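Everything below belongs to structure.txt, which stores compact mmCIF, C-alpha atoms.
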```txt
# COMPACT_ATOMS: atom_id res chain seq x y z
CA MET I 1 -21.16 -14.89 -5.59
CA THR I 2 -21.36 -15.94 -1.95
CA THR I 3 -23.70 -14.04 0.35
CA ARG I 4 -22.09 -13.05 3.64
CA ARG I 5 -23.64 -11.16 6.52
CA GLY I 6 -21.81 -9.03 9.03
CA ARG I 7 -18.29 -9.88 7.91
CA ARG I 8 -15.65 -7.26 8.74
CA ILE I 9 -13.69 -6.62 5.57
CA TYR I 10 -11.16 -3.99 4.57
CA TYR I 11 -8.60 -3.17 1.91
CA VAL I 12 -5.29 -1.37 2.07
CA ALA I 13 -5.34 0.27 -1.36
CA ALA I 14 -2.02 1.60 -2.58
CA THR I 15 0.61 2.07 -5.22
CA SER I 16 4.10 0.67 -4.60
CA ARG I 17 6.47 2.31 -2.11
CA THR I 18 3.85 3.88 0.13
CA GLY I 19 4.48 1.71 3.20
CA SER I 20 1.45 -0.50 2.58
CA SER I 21 3.20 -3.81 3.31
CA TRP I 22 4.73 -2.26 6.41
CA LEU I 23 1.31 -1.19 7.69
CA CYS I 24 -0.20 -4.60 6.85
CA ASN I 25 2.51 -6.35 8.89
CA MET I 26 1.77 -4.21 11.94
CA LEU I 27 -2.00 -4.69 11.59
CA ALA I 28 -1.51 -8.47 11.36
CA SER I 29 0.70 -8.49 14.46
CA SER I 30 -2.10 -6.86 16.50
CA GLY I 31 -4.05 -10.11 16.56
CA VAL I 32 -7.37 -8.33 16.00
CA ALA I 33 -7.25 -7.33 12.31
CA GLY I 34 -6.84 -10.66 10.55
CA PHE I 35 -3.90 -11.23 8.23
CA PRO I 36 -3.87 -8.50 5.56
CA ARG I 37 -1.37 -9.21 2.81
CA GLU I 38 -0.93 -9.34 -0.95
CA TYR I 39 -2.98 -12.17 -2.45
CA GLY I 40 -1.90 -11.68 -6.05
CA TRP I 41 -5.44 -11.11 -7.35
CA HIS I 42 -4.10 -9.42 -10.50
CA MET I 43 -2.25 -12.57 -11.60
CA LEU I 44 -5.38 -14.76 -11.72
CA ASP I 45 -7.80 -15.51 -14.54
CA PRO I 46 -11.53 -15.19 -13.74
CA TYR I 47 -11.88 -18.82 -12.62
CA GLN I 48 -8.79 -18.67 -10.42
CA LEU I 49 -9.91 -15.34 -8.98
CA THR I 50 -13.23 -16.82 -7.86
CA GLU I 51 -11.54 -19.94 -6.52
CA ARG I 52 -9.04 -18.00 -4.45
CA TRP I 53 -11.62 -15.50 -3.20
CA ASN I 54 -13.83 -18.37 -1.97
CA ARG I 55 -10.96 -19.71 0.13
CA TYR I 56 -11.34 -16.68 2.36
CA ALA I 57 -15.12 -16.28 2.17
CA ASP I 58 -15.53 -17.19 5.86
CA ASP I 59 -12.60 -15.18 7.22
CA ASP I 60 -13.70 -12.52 9.69
CA PRO I 61 -12.05 -10.09 9.77
CA PHE I 62 -10.60 -10.18 6.27
CA GLY I 63 -8.06 -7.69 4.95
CA SER I 64 -6.06 -7.50 1.76
CA LYS I 65 -3.55 -5.17 0.17
CA VAL I 66 -4.84 -4.21 -3.29
CA THR I 67 -4.05 -2.10 -6.30
CA TYR I 68 -6.76 -0.11 -8.08
CA GLY I 69 -7.25 -2.87 -10.66
CA GLU I 70 -7.57 -5.58 -8.02
CA LEU I 71 -10.07 -3.54 -6.02
CA ALA I 72 -12.24 -2.87 -9.08
CA SER I 73 -12.09 -6.52 -10.14
CA LEU I 74 -13.05 -7.92 -6.73
CA TRP I 75 -15.78 -5.33 -6.21
CA GLY I 76 -17.51 -5.96 -9.48
CA ARG I 77 -17.21 -9.74 -9.50
CA GLU I 78 -16.53 -11.52 -6.22
CA MET I 79 -17.82 -9.48 -3.30
CA SER I 80 -21.33 -9.91 -2.00
CA ILE I 81 -23.59 -6.91 -1.47
CA GLU I 82 -23.09 -7.33 2.25
CA ASP I 83 -19.31 -7.42 1.88
CA CYS I 84 -19.42 -4.21 -0.16
CA ARG I 85 -21.64 -2.56 2.42
CA ASN I 86 -19.31 -3.50 5.28
CA CYS I 87 -16.02 -2.75 3.53
CA ARG I 88 -13.66 -0.02 4.70
CA ILE I 89 -10.70 1.22 2.71
CA VAL I 90 -7.34 2.54 3.85
CA TRP I 91 -5.84 4.56 1.00
CA MET I 92 -2.06 4.81 1.29
CA ARG I 93 -0.40 7.68 -0.52
CA ARG I 94 2.87 9.56 -0.67
CA HIS I 95 3.29 13.32 -0.85
CA HIS I 96 6.54 13.23 -2.79
CA ARG I 97 5.76 11.21 -5.90
CA VAL I 98 9.13 11.81 -7.55
CA ALA I 99 10.88 10.28 -4.53
CA GLN I 100 8.33 7.46 -4.68
CA ALA I 101 9.13 6.84 -8.35
CA ILE I 102 12.86 6.81 -7.62
CA SER I 103 12.30 4.37 -4.76
CA LEU I 104 10.22 2.10 -7.00
CA TYR I 105 12.80 2.19 -9.79
CA ARG I 106 15.67 1.38 -7.42
CA ALA I 107 13.73 -1.43 -5.72
CA ASN I 108 12.79 -3.00 -9.06
CA GLU I 109 16.34 -2.81 -10.40
CA SER I 110 18.01 -4.15 -7.23
CA ASN I 111 15.23 -6.41 -5.92
CA CYS I 112 15.75 -4.75 -2.53
CA TRP I 113 12.39 -3.61 -1.19
CA HIS I 114 13.25 -2.64 2.37
CA ILE I 115 16.18 -2.37 4.76
CA SER I 116 15.61 -3.22 8.42
CA ALA I 117 16.70 -0.69 11.03
CA GLY I 118 20.42 -0.89 11.68
CA GLU I 119 21.23 -2.66 8.42
CA ALA I 120 23.52 -1.16 5.80
CA SER I 121 22.25 -0.57 2.28
CA PRO I 122 23.17 -3.58 0.13
CA GLU I 123 25.57 -3.13 -2.76
CA SER I 124 22.84 -4.06 -5.24
CA ILE I 125 20.85 -0.92 -4.51
CA ARG I 126 23.90 1.33 -4.29
CA ASN I 127 24.92 0.23 -7.79
CA VAL I 128 21.61 1.00 -9.53
CA PRO I 129 22.40 3.54 -12.28
CA PHE I 130 20.45 6.72 -12.79
CA ASP I 131 17.93 6.37 -15.61
CA ARG I 132 15.67 9.39 -16.03
CA ALA I 133 13.41 7.75 -18.61
CA LYS I 134 12.67 4.75 -16.40
CA ILE I 135 12.05 6.93 -13.36
CA ILE I 136 9.63 9.14 -15.29
CA GLU I 137 7.89 5.99 -16.52
CA ARG I 138 7.43 4.86 -12.91
CA LEU I 139 6.19 8.34 -12.00
CA ASN I 140 3.59 8.26 -14.75
CA GLN I 141 2.39 4.83 -13.60
CA ILE I 142 2.04 6.06 -10.02
CA GLN I 143 0.13 9.17 -11.04
CA CYS I 144 -2.17 7.19 -13.34
CA HIS I 145 -3.02 4.56 -10.72
CA ASP I 146 -3.57 7.20 -8.04
CA ALA I 147 -5.94 9.08 -10.34
CA LEU I 148 -7.89 5.91 -11.16
CA LEU I 149 -8.22 5.03 -7.50
CA ASP I 150 -9.27 8.58 -6.62
CA HIS I 151 -11.97 8.43 -9.32
CA TRP I 152 -13.17 5.01 -8.13
CA LEU I 153 -13.43 6.11 -4.49
CA ALA I 154 -15.28 9.28 -5.49
CA HIS I 155 -18.00 7.13 -7.07
CA HIS I 156 -18.36 4.62 -4.22
CA GLU I 157 -19.76 5.57 -0.85
CA GLN I 158 -17.28 3.61 1.23
CA PRO I 159 -15.63 4.75 4.46
CA VAL I 160 -12.11 5.79 3.44
CA MET I 161 -9.10 6.78 5.53
CA GLN I 162 -6.13 8.39 3.82
CA VAL I 163 -2.76 7.43 5.26
CA TRP I 164 0.34 9.25 4.13
CA TYR I 165 3.67 7.44 3.93
CA GLU I 166 5.47 10.39 5.51
CA ASP I 167 3.19 10.24 8.57
CA LEU I 168 3.73 6.49 8.89
CA VAL I 169 7.50 6.99 8.80
CA ASP I 170 7.33 9.66 11.52
CA ASN I 171 4.90 7.84 13.81
CA PRO I 172 4.29 4.18 12.86
CA GLU I 173 2.66 3.26 16.16
CA GLY I 174 0.31 6.23 16.26
CA VAL I 175 -0.75 5.83 12.64
CA THR I 176 -1.37 2.10 13.06
CA ARG I 177 -3.52 2.68 16.13
CA ASN I 178 -5.54 5.28 14.21
CA VAL I 179 -6.05 2.78 11.40
CA LEU I 180 -7.17 0.08 13.84
CA GLU I 181 -9.70 2.50 15.31
CA PHE I 182 -10.97 3.50 11.86
CA LEU I 183 -11.44 -0.18 10.96
CA GLY I 184 -13.45 -0.77 14.13
CA PHE I 185 -10.84 -2.86 15.95
CA ASP I 186 -9.42 -2.41 19.44
CA SER I 187 -6.65 0.15 19.04
CA ARG I 188 -5.25 -0.43 22.55
CA VAL I 189 -3.83 -3.86 21.78
CA PRO I 190 -0.06 -4.40 21.57
CA PHE I 191 1.51 -5.02 18.18
CA ILE I 192 4.96 -5.22 16.63
CA VAL I 193 6.21 -1.85 15.44
CA ASP I 194 8.61 -2.58 12.60
CA HIS I 195 11.32 -0.05 11.88
CA TYR I 196 13.10 0.35 8.56
CA GLU I 197 15.95 2.48 7.30
CA ARG I 198 14.87 5.32 5.05
CA MET I 199 16.04 4.53 1.55
CA ALA I 200 15.67 8.16 0.48
CA GLY I 201 19.20 9.43 1.10
CA GLU I 202 21.72 11.52 -0.78
CA THR I 203 21.17 9.50 -3.95
CA THR I 204 17.47 10.39 -3.97
CA HIS I 205 18.23 14.09 -3.41
CA GLU I 206 20.78 14.09 -6.21
CA TRP I 207 18.48 12.27 -8.63
CA ILE I 208 15.61 14.67 -7.97
CA GLU I 209 17.93 17.51 -8.96
CA MET I 210 18.99 15.62 -12.08
CA ILE I 211 15.38 14.93 -13.06
CA GLY I 212 14.65 18.62 -12.72
CA ASN I 213 10.99 18.27 -11.70
CA PRO I 214 9.81 21.80 -10.91
CA THR I 215 7.02 20.55 -8.63
CA ALA I 216 9.30 18.47 -6.38
CA PRO I 217 9.44 19.87 -2.81
CA ASP I 218 12.74 20.98 -1.33
CA THR I 219 12.94 18.20 1.24
CA VAL I 220 12.79 14.44 0.86
CA ARG I 221 11.60 12.34 3.78
```
Kindly present the structure from the file in structure tokens form.
Amino acid sequence: MTTRRGRRIYYVAATSRTGSSWLCNMLASSGVAGFPREYGWHMLDPYQLTERWNRYADDDPFGSKVTYGELASLWGREMSIEDCRNCRIVWMRRHHRVAQAISLYRANESNCWHISAGEASPESIRNVPFDRAKIIERLNQIQCHDALLDHWLAHHEQPVMQVWYEDLVDNPEGVTRNVLEFLGFDSRVPFIVDHYERMAGETTHEWIEMIGNPTAPDTVR
């Protein structure tokens, strides 16, 4: 374990389809928050994990998008005490988990993960068939991972900022500036504000009705 002092480090902790990659792209474009992205920590064996972590041991600032499992693995194995002390966490969530599960299912089946503003939905995603069992499976995964992350954060005294997907959709620039401020970076800098088409359309509304989840809100954003 490498001892670092004073390094600015943060994680964007999330489940899929919460806008985490979108936020990371905007943070990276600011020029002040490093280059947060997915590093594939979960795909590495212990030796590879250490080797890859050490590649970025001198990066300041350092940010990474992580799942619960990746966060727990890095925290318990690779991070120095000083890194842990300095670390801040942005927890990305989504109010409507059923819509999130539908979005994840459709993205997995079509391999279409986002649609840039002005683009039409590709045929691959329009042709994904309804499959209640697979959607419920995705929903259970999301709920489980959110619960694990909630439990982990409750037992670690780290500065945490919750960011909701719906807020990011409504105000990407404002949310990103708030995140920059929370992380201790200059929030007045210019950055690229990406815009994407909302993939939750009539299909999502119809599928929510077909799933029949009594806790699903009336509106999908």
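Comparing I:Pro46, I:Trp207, I:Glu51, I:Asp60 by their smallest distance to I:Arg77, the closest is I:Pro46 (using all atoms listed in the file).
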Distance of atom CA of I:Glu82 from atom CA of I:Asp59, expressed in Å to one decimal place: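 Between atom CA of I:Asp59 and atom CA of I:Glu82 the gap is 14.0 Å.
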Answer as a PyMOL selection string, residues within 12 Å of (-7.3, 1.8, -0.7) using all atoms listed in the file: chain I and resi 10-15+18+20+63-72+87-93+145-146+148-154+156+158-164
Proximity to I:Ile192 - best of I:Ser121, I:Ser21, I:Ser30, I:Asn178, all atoms listed in the file: I:Ser30
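Residues within 10 Å of I:Arg138, counting only C-alpha atoms and excluding same-chain residues fewer than 5 positions away, are Ser16, Arg97, Val98, Gln100, Ala101, Ile102, Ser103, Leu104, Tyr105, Arg132, Ala133, Gln143 and Cys144 of chain I.
If all atoms listed in the file are the atoms counted, then among I:Cys24, I:Glu137, I:Phe130, I:Pro190 the closest residue to I:Met210 is I:Phe130.
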Nearest residue to I:Asp58 from the set I:His42, I:His195, I:His205, I:Arg8 (distances using all atoms listed in the file):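 Nearest to I:Asp58: I:Arg8.
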Using only C-alpha atoms: which of I:Ser73, I:Asp186, I:Arg17, I:Ala33 has the shortest distance to I:Ala107: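 The closest residue to I:Ala107 is I:Arg17.
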For atom CA of I:Ser29 and atom CA of I:Val169, the interatomic separation in Å (one decimal): 17.8 Å
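The interatomic distance for the pair atom CA of I:Pro36 and atom CA of I:Tyr56 works out to 11.5 Å.
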Distance query I:Arg106 at most 9 Å, all atoms listed in the file, self and fewer than 3 positions along chain excluded, as a list of chain:residue names: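 After dropping sequence-adjacent residues, the list is I:Ala101, I:Ile102, I:Ser103, I:Glu109, I:Ser110, I:Asn111, I:Cys112, I:Trp113, I:Ile125, I:Arg126, I:Val128, I:Pro129, I:Phe130, I:Ile135.
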Distance criterion (all atoms listed in the file): nearest to I:Ala57 out of I:Arg94, I:Ile9, I:Val32, I:Pro122: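 Answer, going by the shortest atom-to-atom distance: I:Ile9.
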